[in-house]
Amino acid sequence: MYGRTYKMLLAKDYIICRLTGNFVTDHSEASGTDAFDLRNRRWSEEILSAAEIEMEKMPELNASTDVVGQLLPEAAQALGLKKETRVVCGGGDGPCSALGAGSIEKGQMFLSFGTSAWIAGTSEEVFLDKEKTLICFGHVIPGKYMPCGTMQAAGSSYSYIRKTLCREEERRAQDEGIPVYDILNRLVTDS
């Protein structure tokens, strides 16, 4: 499969390719691949070589704010848009959420809790944690970074516990006409 691969793309970058025909990604998405040199904002030749991945298979790097092309005629027609419509590179979900949460200046922090959970912030420097408890992404704001501590199974763990261990609470919630999480949250706060 690797031998037949022309380029490796992340999900949003595949959509950009279908819209524009261009094989691109941004620094925030690239920084999540572990093959990106965050300080120098380029693919790491050392890491790609060690993984035996050819540099040519990697997409072109852009800032999240870069216009990376215009709509292909077939994409424009399918979407009902003009083919002159410009497509912006965009960013990864975490770094985009930093922007949406208003974490845009050095030292501003935010918390996200969903299927996964993280606390993250904005930095003007790459933050590499020698203890490996934090990770650092490129921010969607050019020249900034997003250090982040994450737990990949937060809300999904809570959901799993509910489905696996809380049949009695499910019945009680149904009888009372309330969400089961109301009962579970009470159990946690009353403990």
# chains A, B, ... in the order shown; residues from 1 in each chain; ligands from 1

call {"tool": "residues_around", "arguments": {"residues": "region 25-29 of chain A", "least_positions_apart": "3", "cutoff": "12 Å", "atoms": "only C-alpha atoms", "output": "mmCIF file with N, CA, C and O atoms, in the first residue's frame"}}
result
data_model
loop_
_atom_site.group_PDB
_atom_site.id
_atom_site.type_symbol
_atom_site.label_atom_id
_atom_site.label_comp_id
_atom_site.auth_asym_id
_atom_site.auth_seq_id
_atom_site.Cartn_x
_atom_site.Cartn_y
_atom_site.Cartn_z
ATOM 1 N N LYS A 7 0.513 10.620 -1.918
ATOM 2 C CA LYS A 7 0.670 11.588 -0.827
ATOM 3 C C LYS A 7 -0.103 11.095 0.392
ATOM 4 O O LYS A 7 -1.099 10.396 0.267
ATOM 5 N N MET A 8 0.359 11.497 1.564
ATOM 6 C CA MET A 8 -0.330 11.197 2.814
ATOM 7 C C MET A 8 -1.018 12.472 3.285
ATOM 8 O O MET A 8 -0.370 13.509 3.398
ATOM 9 N N LEU A 9 -2.315 12.364 3.520
ATOM 10 C CA LEU A 9 -3.098 13.532 3.913
ATOM 11 C C LEU A 9 -3.924 13.234 5.152
ATOM 12 O O LEU A 9 -4.371 12.112 5.360
ATOM 13 N N LEU A 10 -4.139 14.260 5.949
ATOM 14 C CA LEU A 10 -5.068 14.184 7.071
ATOM 15 C C LEU A 10 -6.469 14.481 6.535
ATOM 16 O O LEU A 10 -6.637 14.903 5.388
ATOM 17 N N ALA A 11 -7.490 14.254 7.344
ATOM 18 C CA ALA A 11 -8.880 14.333 6.867
ATOM 19 C C ALA A 11 -9.211 15.675 6.214
ATOM 20 O O ALA A 11 -9.722 15.710 5.093
ATOM 21 N N LYS A 12 -8.935 16.786 6.881
ATOM 22 C CA LYS A 12 -9.295 18.082 6.297
ATOM 23 C C LYS A 12 -8.492 18.352 5.034
ATOM 24 O O LYS A 12 -8.964 18.999 4.106
ATOM 25 N N ASP A 13 -7.278 17.811 4.986
ATOM 26 C CA ASP A 13 -6.417 18.029 3.828
ATOM 27 C C ASP A 13 -6.876 17.209 2.627
ATOM 28 O O ASP A 13 -6.707 17.624 1.479
ATOM 29 N N TYR A 14 -7.490 16.065 2.878
ATOM 30 C CA TYR A 14 -8.091 15.289 1.798
ATOM 31 C C TYR A 14 -9.250 16.081 1.184
ATOM 32 O O TYR A 14 -9.407 16.135 -0.034
ATOM 33 N N ILE A 15 -10.037 16.724 2.049
ATOM 34 C CA ILE A 15 -11.141 17.550 1.546
ATOM 35 C C ILE A 15 -10.592 18.706 0.715
ATOM 36 O O ILE A 15 -11.106 19.008 -0.365
ATOM 37 N N ILE A 16 -9.523 19.353 1.199
ATOM 38 C CA ILE A 16 -8.900 20.431 0.427
ATOM 39 C C ILE A 16 -8.443 19.914 -0.924
ATOM 40 O O ILE A 16 -8.626 20.579 -1.951
ATOM 41 N N CYS A 17 -7.860 18.720 -0.947
ATOM 42 C CA CYS A 17 -7.409 18.126 -2.207
ATOM 43 C C CYS A 17 -8.581 17.920 -3.163
ATOM 44 O O CYS A 17 -8.483 18.213 -4.357
ATOM 45 N N ASN A 22 -4.966 20.301 -4.743
ATOM 46 C CA ASN A 22 -3.665 20.531 -4.119
ATOM 47 C C ASN A 22 -3.468 19.640 -2.896
ATOM 48 O O ASN A 22 -4.401 19.407 -2.130
ATOM 49 N N GLY A 32 0.867 17.352 14.677
ATOM 50 C CA GLY A 32 0.276 16.191 15.309
ATOM 51 C C GLY A 32 0.730 14.870 14.713
ATOM 52 O O GLY A 32 0.346 13.808 15.200
ATOM 53 N N THR A 33 1.555 14.908 13.678
ATOM 54 C CA THR A 33 1.996 13.676 13.013
ATOM 55 C C THR A 33 3.258 13.083 13.629
ATOM 56 O O THR A 33 3.614 11.959 13.305
ATOM 57 N N ASP A 34 3.952 13.839 14.452
ATOM 58 C CA ASP A 34 5.256 13.459 15.010
ATOM 59 C C ASP A 34 6.340 13.382 13.937
ATOM 60 O O ASP A 34 7.427 12.871 14.192
ATOM 61 N N ALA A 35 6.065 13.897 12.762
ATOM 62 C CA ALA A 35 7.066 13.927 11.686
ATOM 63 C C ALA A 35 7.379 15.367 11.289
ATOM 64 O O ALA A 35 7.999 15.614 10.270
ATOM 65 N N PHE A 36 6.973 16.309 12.127
ATOM 66 C CA PHE A 36 7.108 17.734 11.838
ATOM 67 C C PHE A 36 8.102 18.362 12.796
ATOM 68 O O PHE A 36 8.028 18.136 14.010
ATOM 69 N N ASP A 37 9.022 19.130 12.265
ATOM 70 C CA ASP A 37 9.986 19.891 13.061
ATOM 71 C C ASP A 37 9.300 21.204 13.431
ATOM 72 O O ASP A 37 9.244 22.132 12.626
ATOM 73 N N LEU A 38 8.766 21.254 14.629
ATOM 74 C CA LEU A 38 7.944 22.381 15.063
ATOM 75 C C LEU A 38 8.731 23.693 15.136
ATOM 76 O O LEU A 38 8.223 24.750 14.777
ATOM 77 N N ARG A 39 9.970 23.611 15.583
ATOM 78 C CA ARG A 39 10.784 24.841 15.701
ATOM 79 C C ARG A 39 11.083 25.457 14.336
ATOM 80 O O ARG A 39 11.069 26.666 14.182
ATOM 81 N N ASN A 40 11.376 24.621 13.361
ATOM 82 C CA ASN A 40 11.756 25.123 12.034
ATOM 83 C C ASN A 40 10.615 25.094 11.026
ATOM 84 O O ASN A 40 10.793 25.460 9.879
ATOM 85 N N ARG A 41 9.455 24.617 11.468
ATOM 86 C CA ARG A 41 8.241 24.567 10.649
ATOM 87 C C ARG A 41 8.471 23.898 9.298
ATOM 88 O O ARG A 41 8.169 24.448 8.251
ATOM 89 N N ARG A 42 8.987 22.676 9.380
ATOM 90 C CA ARG A 42 9.189 21.876 8.165
ATOM 91 C C ARG A 42 9.126 20.407 8.557
ATOM 92 O O ARG A 42 9.224 20.056 9.735
ATOM 93 N N TRP A 43 8.966 19.557 7.551
ATOM 94 C CA TRP A 43 8.988 18.122 7.813
ATOM 95 C C TRP A 43 10.372 17.747 8.322
ATOM 96 O O TRP A 43 11.377 18.269 7.846
ATOM 97 N N MET A 58 4.885 13.491 1.518
ATOM 98 C CA MET A 58 4.295 14.412 2.491
ATOM 99 C C MET A 58 3.689 15.622 1.769
ATOM 100 O O MET A 58 4.230 16.085 0.755
ATOM 101 N N PRO A 59 2.586 16.156 2.279
ATOM 102 C CA PRO A 59 1.968 17.320 1.641
ATOM 103 C C PRO A 59 2.786 18.591 1.855
ATOM 104 O O PRO A 59 3.594 18.678 2.773
ATOM 105 N N GLU A 60 2.540 19.558 1.000
ATOM 106 C CA GLU A 60 3.175 20.873 1.121
ATOM 107 C C GLU A 60 2.685 21.538 2.400
ATOM 108 O O GLU A 60 1.505 21.475 2.736
ATOM 109 N N LEU A 61 3.587 22.199 3.104
ATOM 110 C CA LEU A 61 3.259 22.869 4.372
ATOM 111 C C LEU A 61 2.845 24.315 4.151
ATOM 112 O O LEU A 61 3.448 25.027 3.342
ATOM 113 N N ASN A 62 1.828 24.734 4.896
ATOM 114 C CA ASN A 62 1.306 26.096 4.815
ATOM 115 C C ASN A 62 0.920 26.577 6.206
ATOM 116 O O ASN A 62 0.692 25.769 7.110
ATOM 117 N N ALA A 63 0.768 27.882 6.338
ATOM 118 C CA ALA A 63 0.151 28.434 7.550
ATOM 119 C C ALA A 63 -1.343 28.150 7.465
ATOM 120 O O ALA A 63 -1.897 28.020 6.362
ATOM 121 N N SER A 64 -1.998 28.060 8.595
ATOM 122 C CA SER A 64 -3.449 27.805 8.627
ATOM 123 C C SER A 64 -4.226 28.881 7.881
ATOM 124 O O SER A 64 -5.304 28.611 7.346
ATOM 125 N N THR A 65 -3.690 30.086 7.840
ATOM 126 C CA THR A 65 -4.377 31.226 7.238
ATOM 127 C C THR A 65 -4.116 31.370 5.745
ATOM 128 O O THR A 65 -4.701 32.242 5.103
ATOM 129 N N ASP A 66 -3.268 30.510 5.184
ATOM 130 C CA ASP A 66 -2.927 30.617 3.760
ATOM 131 C C ASP A 66 -4.078 30.187 2.858
ATOM 132 O O ASP A 66 -4.744 29.174 3.110
ATOM 133 N N VAL A 67 -4.288 30.930 1.787
ATOM 134 C CA VAL A 67 -5.177 30.495 0.711
ATOM 135 C C VAL A 67 -4.381 29.467 -0.087
ATOM 136 O O VAL A 67 -3.276 29.751 -0.544
ATOM 137 N N VAL A 68 -4.924 28.264 -0.222
ATOM 138 C CA VAL A 68 -4.172 27.170 -0.848
ATOM 139 C C VAL A 68 -4.716 26.781 -2.212
ATOM 140 O O VAL A 68 -4.246 25.808 -2.816
ATOM 141 N N VAL A 88 -9.040 28.162 2.108
ATOM 142 C CA VAL A 88 -8.015 28.451 3.107
ATOM 143 C C VAL A 88 -7.600 27.132 3.753
ATOM 144 O O VAL A 88 -8.412 26.235 3.953
ATOM 145 N N CYS A 89 -6.334 27.011 4.124
ATOM 146 C CA CYS A 89 -5.795 25.758 4.651
ATOM 147 C C CYS A 89 -6.480 25.303 5.937
ATOM 148 O O CYS A 89 -6.725 24.129 6.134
ATOM 149 N N GLY A 90 -6.803 26.203 6.846
ATOM 150 C CA GLY A 90 -7.461 25.802 8.083
ATOM 151 C C GLY A 90 -6.503 25.156 9.062
ATOM 152 O O GLY A 90 -5.284 25.262 8.921
ATOM 153 N N GLY A 91 -7.052 24.474 10.058
ATOM 154 C CA GLY A 91 -6.198 23.905 11.090
ATOM 155 C C GLY A 91 -6.795 22.691 11.757
ATOM 156 O O GLY A 91 -7.928 22.301 11.483
ATOM 157 N N GLY A 92 -6.031 22.128 12.670
ATOM 158 C CA GLY A 92 -6.461 20.971 13.445
ATOM 159 C C GLY A 92 -7.529 21.358 14.450
ATOM 160 O O GLY A 92 -7.663 22.522 14.823
ATOM 161 N N ASP A 93 -8.260 20.367 14.937
ATOM 162 C CA ASP A 93 -9.386 20.659 15.828
ATOM 163 C C ASP A 93 -8.962 21.322 17.137
ATOM 164 O O ASP A 93 -9.579 22.289 17.570
ATOM 165 N N GLY A 94 -7.900 20.828 17.763
ATOM 166 C CA GLY A 94 -7.449 21.427 19.021
ATOM 167 C C GLY A 94 -6.974 22.856 18.849
ATOM 168 O O GLY A 94 -7.433 23.758 19.567
ATOM 169 N N PRO A 95 -6.056 23.116 17.904
ATOM 170 C CA PRO A 95 -5.621 24.486 17.691
ATOM 171 C C PRO A 95 -6.751 25.427 17.235
ATOM 172 O O PRO A 95 -6.775 26.587 17.626
ATOM 173 N N CYS A 96 -7.707 24.914 16.460
ATOM 174 C CA CYS A 96 -8.860 25.747 16.097
ATOM 175 C C CYS A 96 -9.710 26.043 17.323
ATOM 176 O O CYS A 96 -10.242 27.150 17.467
ATOM 177 N N SER A 97 -9.819 25.069 18.240
ATOM 178 C CA SER A 97 -10.595 25.324 19.456
ATOM 179 C C SER A 97 -9.890 26.343 20.348
ATOM 180 O O SER A 97 -10.551 27.101 21.061
ATOM 181 N N ALA A 98 -8.565 26.387 20.305
ATOM 182 C CA ALA A 98 -7.835 27.417 21.053
ATOM 183 C C ALA A 98 -8.236 28.801 20.549
ATOM 184 O O ALA A 98 -8.518 29.709 21.345
ATOM 185 N N LEU A 99 -8.283 28.949 19.250
ATOM 186 C CA LEU A 99 -8.709 30.217 18.657
ATOM 187 C C LEU A 99 -10.147 30.537 19.064
ATOM 188 O O LEU A 99 -10.446 31.645 19.519
ATOM 189 N N CYS A 136 2.989 19.627 22.301
ATOM 190 C CA CYS A 136 2.912 20.987 21.769
ATOM 191 C C CYS A 136 2.552 20.921 20.290
ATOM 192 O O CYS A 136 3.182 20.189 19.520
ATOM 193 N N PHE A 137 1.529 21.661 19.925
ATOM 194 C CA PHE A 137 1.095 21.763 18.531
ATOM 195 C C PHE A 137 1.439 23.136 17.994
ATOM 196 O O PHE A 137 1.568 24.099 18.758
ATOM 197 N N GLY A 138 1.502 23.250 16.687
ATOM 198 C CA GLY A 138 1.516 24.566 16.073
ATOM 199 C C GLY A 138 0.121 25.156 16.255
ATOM 200 O O GLY A 138 -0.881 24.455 16.117
ATOM 201 N N HIS A 139 0.047 26.421 16.605
ATOM 202 C CA HIS A 139 -1.237 27.124 16.743
ATOM 203 C C HIS A 139 -1.725 27.479 15.340
ATOM 204 O O HIS A 139 -0.952 27.473 14.386
ATOM 205 N N VAL A 140 -2.989 27.795 15.193
ATOM 206 C CA VAL A 140 -3.475 28.256 13.895
ATOM 207 C C VAL A 140 -3.076 29.704 13.636
ATOM 208 O O VAL A 140 -3.151 30.169 12.500
ATOM 209 N N ILE A 141 -2.650 30.397 14.676
ATOM 210 C CA ILE A 141 -2.120 31.753 14.507
ATOM 211 C C ILE A 141 -0.646 31.606 14.153
ATOM 212 O O ILE A 141 0.130 31.051 14.935
ATOM 213 N N PRO A 142 -0.245 32.066 12.967
ATOM 214 C CA PRO A 142 1.151 31.894 12.550
ATOM 215 C C PRO A 142 2.135 32.411 13.600
ATOM 216 O O PRO A 142 1.946 33.475 14.186
ATOM 217 N N GLY A 143 3.166 31.602 13.853
ATOM 218 C CA GLY A 143 4.214 31.986 14.784
ATOM 219 C C GLY A 143 3.910 31.678 16.236
ATOM 220 O O GLY A 143 4.708 31.990 17.111
ATOM 221 N N LYS A 144 2.754 31.072 16.526
ATOM 222 C CA LYS A 144 2.408 30.737 17.903
ATOM 223 C C LYS A 144 2.246 29.228 18.030
ATOM 224 O O LYS A 144 2.130 28.510 17.046
ATOM 225 N N TYR A 145 2.231 28.771 19.294
ATOM 226 C CA TYR A 145 2.185 27.342 19.579
ATOM 227 C C TYR A 145 1.125 27.065 20.627
ATOM 228 O O TYR A 145 0.687 27.964 21.346
ATOM 229 N N MET A 146 0.711 25.798 20.713
ATOM 230 C CA MET A 146 -0.317 25.404 21.666
ATOM 231 C C MET A 146 0.175 24.231 22.509
ATOM 232 O O MET A 146 0.016 23.074 22.146
ATOM 233 N N PRO A 147 0.834 24.505 23.675
ATOM 234 C CA PRO A 147 1.170 23.414 24.591
ATOM 235 C C PRO A 147 -0.122 22.841 25.173
ATOM 236 O O PRO A 147 -1.079 23.577 25.405
#

call {"tool": "residues_around", "arguments": {"residues": "Ser116 (chain A)", "least_positions_apart": "6", "cutoff": "6 Å", "atoms": "only C-alpha atoms", "output": "list of chain:residue names"}}
result
A:Met151, A:Gln152, A:Ala153, A:Ala154

call {"tool": "closest_residue", "arguments": {"among": "A:Leu187, A:Leu134, A:Leu165, A:Leu19", "to": "Ala76 (chain A)", "atoms": "only C-alpha atoms"}}
result
A:Leu19

call {"tool": "select_by_dssp", "arguments": {"residues": "region 45-127 of chain A", "states": "strand (DSSP E or B)", "output": "JSON, numbers by chain"}}
result
{"A": [60, 61, 62, 67, 68, 69, 70, 86, 87, 88, 109, 110, 111, 112, 113, 117, 118, 119, 120, 121, 123]}

call {"tool": "closest_residue", "arguments": {"among": "A:Glu56, A:Arg86, A:Thr115, A:Glu169", "to": "Gly155 (chain A)", "atoms": "only C-alpha atoms"}}
result
A:Thr115

call {"tool": "atom_distance", "arguments": {"atom1": "CA of Cys148 (chain A)", "atom2": "CA of Ile135 (chain A)"}}
result
5.3 Å

call {"tool": "select_by_dssp", "arguments": {"residues": "region 129-163 of chain A", "states": "alpha helix (DSSP H)", "output": "list in words"}}
result
Gly155, Ser156, Ser157, Tyr158, Ser159, Tyr160, Ile161, Arg162 and Lys163 of chain A

call {"tool": "write_last_selection", "arguments": {"atoms": "C-alpha atoms", "output": "PDB file, in the first residue's frame"}}
result
ATOM      1  CA  GLY A 155     -16.184  11.695  28.216  1.00  0.00           C
ATOM      2  CA  SER A 156     -15.888   8.385  26.392  1.00  0.00           C
ATOM      3  CA  SER A 157     -14.759   6.736  29.662  1.00  0.00           C
ATOM      4  CA  TYR A 158     -17.730   8.219  31.503  1.00  0.00           C
ATOM      5  CA  SER A 159     -20.039   6.908  28.781  1.00  0.00           C
ATOM      6  CA  TYR A 160     -18.416   3.467  28.977  1.00  0.00           C
ATOM      7  CA  ILE A 161     -18.897   3.356  32.762  1.00  0.00           C
ATOM      8  CA  ARG A 162     -22.554   4.338  32.359  1.00  0.00           C
ATOM      9  CA  LYS A 163     -23.207   1.657  29.734  1.00  0.00           C
TER      10      LYS A 163
END

call {"tool": "closest_residue", "arguments": {"among": "A:Ala120, A:Val180, A:Met55, A:Ala50", "to": "Gln108 (chain A)", "atoms": "only C-alpha atoms"}}
result
A:Ala120

call {"tool": "closest_residue", "arguments": {"among": "A:Val87, A:Thr164, A:Ile183, A:Ser123", "to": "Ile104 (chain A)", "atoms": "only C-alpha atoms"}}
result
A:Ser123

call {"tool": "atom_distance", "arguments": {"atom1": "CA of Glu168 (chain A)", "atom2": "CA of Val188 (chain A)"}}
result
15.6 Å

call {"tool": "atom_distance", "arguments": {"atom1": "CA of Asn185 (chain A)", "atom2": "CA of Leu111 (chain A)"}}
result
19.2 Å

call {"tool": "closest_residue", "arguments": {"among": "A:Thr189, A:Gln70, A:Thr20, A:Thr150", "to": "Lys82 (chain A)", "atoms": "only C-alpha atoms"}}
result
A:Gln70

call {"tool": "decode", "arguments": {"residues": "region 63-89 of chain A", "atoms": "N, CA, C and O atoms", "output": "JSON list (two decimals), in the first residue's frame"}}
result
[["chain", "number", "residue", "atom", "x", "y", "z"],
["A", 63, "ALA", "N", 0.77, 27.88, 6.34],
["A", 63, "ALA", "CA", 0.15, 28.43, 7.55],
["A", 63, "ALA", "C", -1.34, 28.15, 7.46],
["A", 63, "ALA", "O", -1.90, 28.02, 6.36],
["A", 64, "SER", "N", -2.00, 28.06, 8.60],
["A", 64, "SER", "CA", -3.45, 27.81, 8.63],
["A", 64, "SER", "C", -4.23, 28.88, 7.88],
["A", 64, "SER", "O", -5.30, 28.61, 7.35],
["A", 65, "THR", "N", -3.69, 30.09, 7.84],
["A", 65, "THR", "CA", -4.38, 31.23, 7.24],
["A", 65, "THR", "C", -4.12, 31.37, 5.74],
["A", 65, "THR", "O", -4.70, 32.24, 5.10],
["A", 66, "ASP", "N", -3.27, 30.51, 5.18],
["A", 66, "ASP", "CA", -2.93, 30.62, 3.76],
["A", 66, "ASP", "C", -4.08, 30.19, 2.86],
["A", 66, "ASP", "O", -4.74, 29.17, 3.11],
["A", 67, "VAL", "N", -4.29, 30.93, 1.79],
["A", 67, "VAL", "CA", -5.18, 30.49, 0.71],
["A", 67, "VAL", "C", -4.38, 29.47, -0.09],
["A", 67, "VAL", "O", -3.28, 29.75, -0.54],
["A", 68, "VAL", "N", -4.92, 28.26, -0.22],
["A", 68, "VAL", "CA", -4.17, 27.17, -0.85],
["A", 68, "VAL", "C", -4.72, 26.78, -2.21],
["A", 68, "VAL", "O", -4.25, 25.81, -2.82],
["A", 69, "GLY", "N", -5.67, 27.53, -2.72],
["A", 69, "GLY", "CA", -6.18, 27.27, -4.06],
["A", 69, "GLY", "C", -7.60, 27.76, -4.23],
["A", 69, "GLY", "O", -8.19, 28.35, -3.32],
["A", 70, "GLN", "N", -8.09, 27.53, -5.44],
["A", 70, "GLN", "CA", -9.48, 27.84, -5.77],
["A", 70, "GLN", "C", -10.20, 26.54, -6.08],
["A", 70, "GLN", "O", -9.57, 25.52, -6.34],
["A", 71, "LEU", "N", -11.51, 26.60, -6.08],
["A", 71, "LEU", "CA", -12.29, 25.41, -6.33],
["A", 71, "LEU", "C", -12.08, 24.87, -7.75],
["A", 71, "LEU", "O", -12.05, 25.64, -8.72],
["A", 72, "LEU", "N", -11.93, 23.56, -7.85],
["A", 72, "LEU", "CA", -11.92, 22.91, -9.15],
["A", 72, "LEU", "C", -13.32, 23.07, -9.75],
["A", 72, "LEU", "O", -14.32, 23.16, -9.02],
["A", 73, "PRO", "N", -13.43, 23.11, -11.07],
["A", 73, "PRO", "CA", -14.75, 23.29, -11.69],
["A", 73, "PRO", "C", -15.81, 22.29, -11.20],
["A", 73, "PRO", "O", -16.94, 22.66, -10.90],
["A", 74, "GLU", "N", -15.42, 21.01, -11.06],
["A", 74, "GLU", "CA", -16.40, 20.01, -10.61],
["A", 74, "GLU", "C", -16.80, 20.21, -9.16],
["A", 74, "GLU", "O", -17.94, 19.98, -8.77],
["A", 75, "ALA", "N", -15.87, 20.68, -8.32],
["A", 75, "ALA", "CA", -16.19, 20.97, -6.92],
["A", 75, "ALA", "C", -17.11, 22.18, -6.84],
["A", 75, "ALA", "O", -18.08, 22.18, -6.07],
["A", 76, "ALA", "N", -16.81, 23.20, -7.62],
["A", 76, "ALA", "CA", -17.64, 24.41, -7.63],
["A", 76, "ALA", "C", -19.06, 24.07, -8.06],
["A", 76, "ALA", "O", -20.04, 24.51, -7.42],
["A", 77, "GLN", "N", -19.19, 23.25, -9.09],
["A", 77, "GLN", "CA", -20.52, 22.88, -9.58],
["A", 77, "GLN", "C", -21.27, 22.06, -8.53],
["A", 77, "GLN", "O", -22.44, 22.32, -8.24],
["A", 78, "ALA", "N", -20.62, 21.08, -7.92],
["A", 78, "ALA", "CA", -21.26, 20.24, -6.91],
["A", 78, "ALA", "C", -21.72, 21.05, -5.70],
["A", 78, "ALA", "O", -22.74, 20.74, -5.10],
["A", 79, "LEU", "N", -20.96, 22.09, -5.35],
["A", 79, "LEU", "CA", -21.27, 22.89, -4.17],
["A", 79, "LEU", "C", -22.15, 24.11, -4.48],
["A", 79, "LEU", "O", -22.58, 24.81, -3.56],
["A", 80, "GLY", "N", -22.34, 24.39, -5.77],
["A", 80, "GLY", "CA", -23.11, 25.57, -6.15],
["A", 80, "GLY", "C", -22.37, 26.86, -5.86],
["A", 80, "GLY", "O", -22.99, 27.88, -5.58],
["A", 81, "LEU", "N", -21.03, 26.81, -5.94],
["A", 81, "LEU", "CA", -20.20, 27.99, -5.69],
["A", 81, "LEU", "C", -19.44, 28.36, -6.95],
["A", 81, "LEU", "O", -19.29, 27.57, -7.88],
["A", 82, "LYS", "N", -18.92, 29.58, -6.99],
["A", 82, "LYS", "CA", -18.09, 30.02, -8.12],
["A", 82, "LYS", "C", -16.74, 29.34, -8.05],
["A", 82, "LYS", "O", -16.19, 29.16, -6.96],
["A", 83, "LYS", "N", -16.17, 29.00, -9.19],
["A", 83, "LYS", "CA", -14.87, 28.32, -9.19],
["A", 83, "LYS", "C", -13.76, 29.24, -8.71],
["A", 83, "LYS", "O", -12.70, 28.78, -8.34],
["A", 84, "GLU", "N", -14.01, 30.54, -8.63],
["A", 84, "GLU", "CA", -13.02, 31.48, -8.09],
["A", 84, "GLU", "C", -13.00, 31.49, -6.56],
["A", 84, "GLU", "O", -12.19, 32.18, -5.95],
["A", 85, "THR", "N", -13.90, 30.73, -5.95],
["A", 85, "THR", "CA", -13.96, 30.66, -4.49],
["A", 85, "THR", "C", -12.61, 30.16, -3.96],
["A", 85, "THR", "O", -12.11, 29.12, -4.39],
["A", 86, "ARG", "N", -12.03, 30.93, -3.05],
["A", 86, "ARG", "CA", -10.73, 30.57, -2.50],
["A", 86, "ARG", "C", -10.89, 29.63, -1.31],
["A", 86, "ARG", "O", -11.82, 29.75, -0.53],
["A", 87, "VAL", "N", -9.94, 28.71, -1.18],
["A", 87, "VAL", "CA", -9.94, 27.73, -0.10],
["A", 87, "VAL", "C", -8.76, 28.04, 0.82],
["A", 87, "VAL", "O", -7.62, 28.18, 0.36],
["A", 88, "VAL", "N", -9.04, 28.16, 2.11],
["A", 88, "VAL", "CA", -8.01, 28.45, 3.11],
["A", 88, "VAL", "C", -7.60, 27.13, 3.75],
["A", 88, "VAL", "O", -8.41, 26.23, 3.95],
["A", 89, "CYS", "N", -6.33, 27.01, 4.12],
["A", 89, "CYS", "CA", -5.80, 25.76, 4.65],
["A", 89, "CYS", "C", -6.48, 25.30, 5.94],
["A", 89, "CYS", "O", -6.73, 24.13, 6.13]]
